[in-house]
Every structure is written in C-alpha cells, then in structure tokens.
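Participant: One structure follows; several queries about it will come next.
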Amino acid sequence: MAHVVVLGAGPGGAIMACDSKDQLRFEDKVTVVTKGPQYHFLPSNPWIAAGWRARKDMTVDLAPTMAKKGIDFISVAAEKLLPEENRIALVDWPSVAYDYLFIASGPELAFDEVQGLGPDGGHTQSICHVDQGETG
Ligand SMILES: Cc1cc2nc3c(=O)[nH]c(=O)nc-3n(C[C@H](O)[C@H](O)[C@H](O)COP(=O)(O)OP(=O)(O)OC[C@H]3O[C@@H](n4cnc5c(N)ncnc54)[C@H](O)[C@@H]3O)c2cc1C
C-alpha cells in the first residue's frame, strides 16, 4: 500500500487528490491536508465583492466531498515539511507520514513587499481570498 498525501485543497490539490484516487490501486490511500474545511472557487471572488453572489454559492464543504471519494481529509495547517522523514508536521495535530507528497499550497500574498500595497495597512483592496471579497 502507498500513502499519497496532498497538501492544499485549492483547484490544484483538490483535483490532484480526486484524480489520483481514481488512478491508484484499490489498497492505496490518499489523504488531503489543508488549512480550511472548505473549497473556494476563487474566480468568483469579484462577484462576491460586487454583491452578485454569496459566499455559499462558491464554497464546497470538503469533508463530505472527499469522504464520498474515499479520501481521508485533515483540515489542519501544515507547519513544516520533514522530507528526510517523509513526514509533514501539522499545527496542533499529530504529524502525517507519506510515501508520495504533492504540494499544492498555492501562492503566498506578499503585499508587504511594496510599500502602501494591500488591504491591511496599505491603500489598495484585494479579492485574492474570499474573506477579502466579502469585506473589500
Ligand atoms: C479573483 C481571482 C480570479 C481568478 N480567475 C481565474 C480564472 O478565471 N481562470 C484561472 O485559470 N485562474 C483564475 N485565478 C487563479 C486561480 O484561482 C489560481 O491559479 C488557483 O487558485 C491556484 O490554485 P492552487 O490550488 O495552486 O492554489 P490555491 O487556490 O491558493 O490553494 C492553495 C490551498 O492550500 C492551502 N494551504 C496553504 N498553505 C497551507 C498550509 N500551510 N497548510 C495547509 N494548507 C495550506 C490553502 O488553504 C488552499 O486551500 C483567479 C484568482 C483570483 C484571486
């Protein structure tokens, strides 16, 4: 049996987990580790900001969706990769060992790299996260 762990459940991770589950052997196990319980369809964020859609229209609860596919789901943030041990350390949660790891944790927003940029202390808005779409 191989244990495949997918870190992150945006479009990259969620699709990777579902596709690999379909293609692996029956006895292989797939686990998704991601820091939120929901999938957000980011291209809809502008619609949230404009008031044309509600958050519920572009979010999916990952736990039941992954359960239906036979994929284990851990909704906890990863703290650190331990590649020499084939293991991910999680925040306030036991670490997870893997045979194969897919990293799909997305980009990190870096507004602080440009003075005055960004919604927190800067002078610009952002709709890169659904929370920002709701408040932007
Ligand atoms: C407003 C907007 C409109 C867009 N429109 C389009 C479009 O029309 N067409 C298009 O192709 N693309 C579009 N994009 C880009 C597209 O949304 C991104 O390319 C895509 O979301 C990237 O997917 P990803 O899975 O790589 O990363 P993300 O979507 O960023 O997902 C990363 C996942 O990893 C999780 N994660 C991060 N760090 C950790 C950690 N430490 N521990 C555990 N989990 C973690 C996050 O919670 C998240 O679930 C748009 C983006 C935005 C913001």
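Starting from 1 in every chain, residues are counted up; chains themselves are A, B, ... following the order of the structure tokens, and ligands are numbered from 1 as listed.
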As a ChimeraX atom specification, list the residues of chain A assigned to strand (DSSP E) by DSSP on the backbone atoms of this structure.
Facilitator: /A:3-7,29-33,38-40,59-61,72-74,78-82,87-90,93-97,100-103
Participant: List the neighbours of Gly106 (chain A) out to 10 Å using only C-alpha atoms; skip same-chain residues closer than 5 positions along the sequence, and give me the result as a ChimeraX atom specification.
Facilitator: /A:7-13
Participant: Would you mind listing what lies within 6 Å of region 101-103 of chain A as a PyMOL selection string, with only C-alpha atoms counted and same-chain residues fewer than 2 positions away left out?
Facilitator: chain A and resi 4-7+105
Participant: Limited to all heavy atoms, could you put the picked residues into a file as a PDB file, in the first residue's frame?
Facilitator:
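The resulting file, part.pdb, is reproduced below:
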```pdb
ATOM      1  N   VAL A   4      -0.493   8.434  -0.329  1.00  0.00           N
ATOM      2  CA  VAL A   4      -0.279   9.669  -1.079  1.00  0.00           C
ATOM      3  C   VAL A   4      -0.910  10.806  -0.288  1.00  0.00           C
ATOM      4  O   VAL A   4      -2.095  10.741   0.053  1.00  0.00           O
ATOM      5  CB  VAL A   4      -0.943   9.577  -2.474  1.00  0.00           C
ATOM      6  CG1 VAL A   4      -0.843  10.903  -3.213  1.00  0.00           C
ATOM      7  CG2 VAL A   4      -0.304   8.457  -3.281  1.00  0.00           C
ATOM      8  N   VAL A   5      -0.116  11.818   0.018  1.00  0.00           N
ATOM      9  CA  VAL A   5      -0.650  12.976   0.744  1.00  0.00           C
ATOM     10  C   VAL A   5      -0.626  14.184  -0.175  1.00  0.00           C
ATOM     11  O   VAL A   5       0.364  14.432  -0.871  1.00  0.00           O
ATOM     12  CB  VAL A   5       0.165  13.243   2.029  1.00  0.00           C
ATOM     13  CG1 VAL A   5      -0.276  14.548   2.693  1.00  0.00           C
ATOM     14  CG2 VAL A   5      -0.006  12.084   3.010  1.00  0.00           C
ATOM     15  N   VAL A   6      -1.735  14.906  -0.196  1.00  0.00           N
ATOM     16  CA  VAL A   6      -1.845  16.125  -0.992  1.00  0.00           C
ATOM     17  C   VAL A   6      -1.966  17.284  -0.019  1.00  0.00           C
ATOM     18  O   VAL A   6      -2.889  17.309   0.809  1.00  0.00           O
ATOM     19  CB  VAL A   6      -3.085  16.069  -1.920  1.00  0.00           C
ATOM     20  CG1 VAL A   6      -3.208  17.356  -2.721  1.00  0.00           C
ATOM     21  CG2 VAL A   6      -3.009  14.858  -2.855  1.00  0.00           C
ATOM     22  N   LEU A   7      -1.042  18.227  -0.120  1.00  0.00           N
ATOM     23  CA  LEU A   7      -1.062  19.389   0.775  1.00  0.00           C
ATOM     24  C   LEU A   7      -1.713  20.556   0.048  1.00  0.00           C
ATOM     25  O   LEU A   7      -1.189  21.052  -0.949  1.00  0.00           O
ATOM     26  CB  LEU A   7       0.371  19.741   1.194  1.00  0.00           C
ATOM     27  CG  LEU A   7       0.535  20.989   2.062  1.00  0.00           C
ATOM     28  CD1 LEU A   7      -0.233  20.853   3.371  1.00  0.00           C
ATOM     29  CD2 LEU A   7       2.012  21.249   2.342  1.00  0.00           C
ATOM     30  N   SER A 105       0.045  24.107  -2.177  1.00  0.00           N
ATOM     31  CA  SER A 105      -0.377  25.076  -1.149  1.00  0.00           C
ATOM     32  C   SER A 105      -0.516  26.488  -1.705  1.00  0.00           C
ATOM     33  O   SER A 105      -0.790  27.425  -0.942  1.00  0.00           O
ATOM     34  CB  SER A 105       0.591  25.046   0.039  1.00  0.00           C
ATOM     35  OG  SER A 105       1.916  25.154  -0.409  1.00  0.00           O
TER      36      SER A 105
END
```
Participant: Taking only C-alpha atoms and all ligand atoms into account, produce a table as CSV in which each residue of chain A with an atom at most 8 Å from an atom of ligand 1 appears once, together with its shortest atom pair and the distance in Å to one decimal, ordered by chain and rising number.
Facilitator:
```
residue,atom,partner,partner_atom_place_in_ligand_line,distance
A:Leu7,CA,ligand 1,44 (N),5.8
A:Gly8,CA,ligand 1,34 (O),3.3
A:Ala9,CA,ligand 1,49 (O),4.0
A:Gly10,CA,ligand 1,31 (O),3.4
A:Pro11,CA,ligand 1,25 (O),4.1
A:Gly12,CA,ligand 1,25 (O),3.4
A:Gly13,CA,ligand 1,25 (O),5.2
A:Ala14,CA,ligand 1,25 (O),7.3
A:Val33,CA,ligand 1,43 (C),5.8
A:Thr34,CA,ligand 1,44 (N),3.5
A:Lys35,CA,ligand 1,44 (N),4.1
A:Gly36,CA,ligand 1,47 (O),5.5
A:Gln38,CA,ligand 1,49 (O),7.7
A:Tyr39,CA,ligand 1,49 (O),6.5
A:His40,CA,ligand 1,29 (O),7.6
A:Phe41,CA,ligand 1,17 (O),6.9
A:Leu42,CA,ligand 1,17 (O),4.7
A:Pro43,CA,ligand 1,3 (C),3.5
A:Ser44,CA,ligand 1,1 (C),6.6
A:Asn45,CA,ligand 1,1 (C),5.1
A:Pro46,CA,ligand 1,1 (C),5.7
A:Ser75,CA,ligand 1,43 (C),7.6
A:Val76,CA,ligand 1,43 (C),6.1
A:Ala77,CA,ligand 1,42 (N),3.5
A:Ala78,CA,ligand 1,42 (N),3.7
A:Glu79,CA,ligand 1,41 (N),5.9
A:Lys80,CA,ligand 1,41 (N),7.8
A:Leu90,CA,ligand 1,42 (N),7.6
A:Ala104,CA,ligand 1,26 (O),5.2
A:Ser105,CA,ligand 1,34 (O),3.4
A:Gly106,CA,ligand 1,27 (O),3.3
A:Pro107,CA,ligand 1,30 (O),5.5
A:Glu108,CA,ligand 1,30 (O),7.8
A:Ile127,CA,ligand 1,1 (C),5.4
A:Cys128,CA,ligand 1,53 (C),3.6
A:His129,CA,ligand 1,53 (C),6.3
```
Participant: Which of these residues is nearest to Ala63 (chain A), using only C-alpha atoms: A:Leu24, A:Leu109, A:Val32, A:Ile15?
Facilitator: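 Going through A:Leu24, A:Leu109, A:Val32, A:Ile15 one by one, the smallest distance to Ala63 (chain A) is for A:Val32.
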Participant: Go ahead and compute the interatomic distance for CA of Ala97 (chain A) and CA of Glu27 (chain A), in Å to one decimal.
Facilitator: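 Distance reported for this atom pair: 16.6 Å.
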Participant: Tell me which protein, DNA and RNA residues are within 12 Å of Lys29 (chain A), counting only C-alpha atoms, leaving out same-chain ones fewer than 6 positions away, and put them as a PDB file with C-alpha atoms, in the first residue's frame.
Facilitator:
```pdb
ATOM      1  CA  MET A   1       0.000   0.000   0.000  1.00  0.00           C
ATOM      2  CA  ALA A   2       1.209   3.510  -0.789  1.00  0.00           C
ATOM      3  CA  HIS A   3       0.096   6.587   1.106  1.00  0.00           C
ATOM      4  CA  VAL A   4      -0.279   9.669  -1.079  1.00  0.00           C
ATOM      5  CA  VAL A   5      -0.650  12.976   0.744  1.00  0.00           C
ATOM      6  CA  VAL A   6      -1.845  16.125  -0.992  1.00  0.00           C
ATOM      7  CA  ALA A  17      -6.448  14.179  -4.892  1.00  0.00           C
ATOM      8  CA  CYS A  18      -9.580  13.114  -6.787  1.00  0.00           C
ATOM      9  CA  SER A  20      -5.002  10.240  -8.192  1.00  0.00           C
ATOM     10  CA  LYS A  21      -7.586   8.333  -6.130  1.00  0.00           C
ATOM     11  CA  ASP A  22      -9.206   7.229  -9.383  1.00  0.00           C
ATOM     12  CA  GLN A  23      -5.896   6.099 -10.846  1.00  0.00           C
ATOM     13  CA  LYS A  69     -14.339   9.657  -2.989  1.00  0.00           C
ATOM     14  CA  GLY A  70     -12.771   7.549  -0.213  1.00  0.00           C
ATOM     15  CA  ILE A  71     -10.142  10.219   0.502  1.00  0.00           C
ATOM     16  CA  ASP A  72      -9.034  10.940   4.078  1.00  0.00           C
ATOM     17  CA  PHE A  73      -9.335  14.609   4.974  1.00  0.00           C
ATOM     18  CA  ALA A  97       3.726  10.321   7.135  1.00  0.00           C
ATOM     19  CA  TYR A  98       3.646   9.846   3.370  1.00  0.00           C
ATOM     20  CA  ASP A  99       5.154   7.762   0.611  1.00  0.00           C
ATOM     21  CA  TYR A 100       4.375  10.396  -2.013  1.00  0.00           C
ATOM     22  CA  LEU A 101       3.666  14.069  -1.371  1.00  0.00           C
TER      23      LEU A 101
END
```
Participant: Can you tell me, as a ChimeraX atom specification, which residues in region 31-105 of chain A count as helix (DSSP H, G or I) by DSSP?
Facilitator: /A:42-50,55-58,62-68,83-85
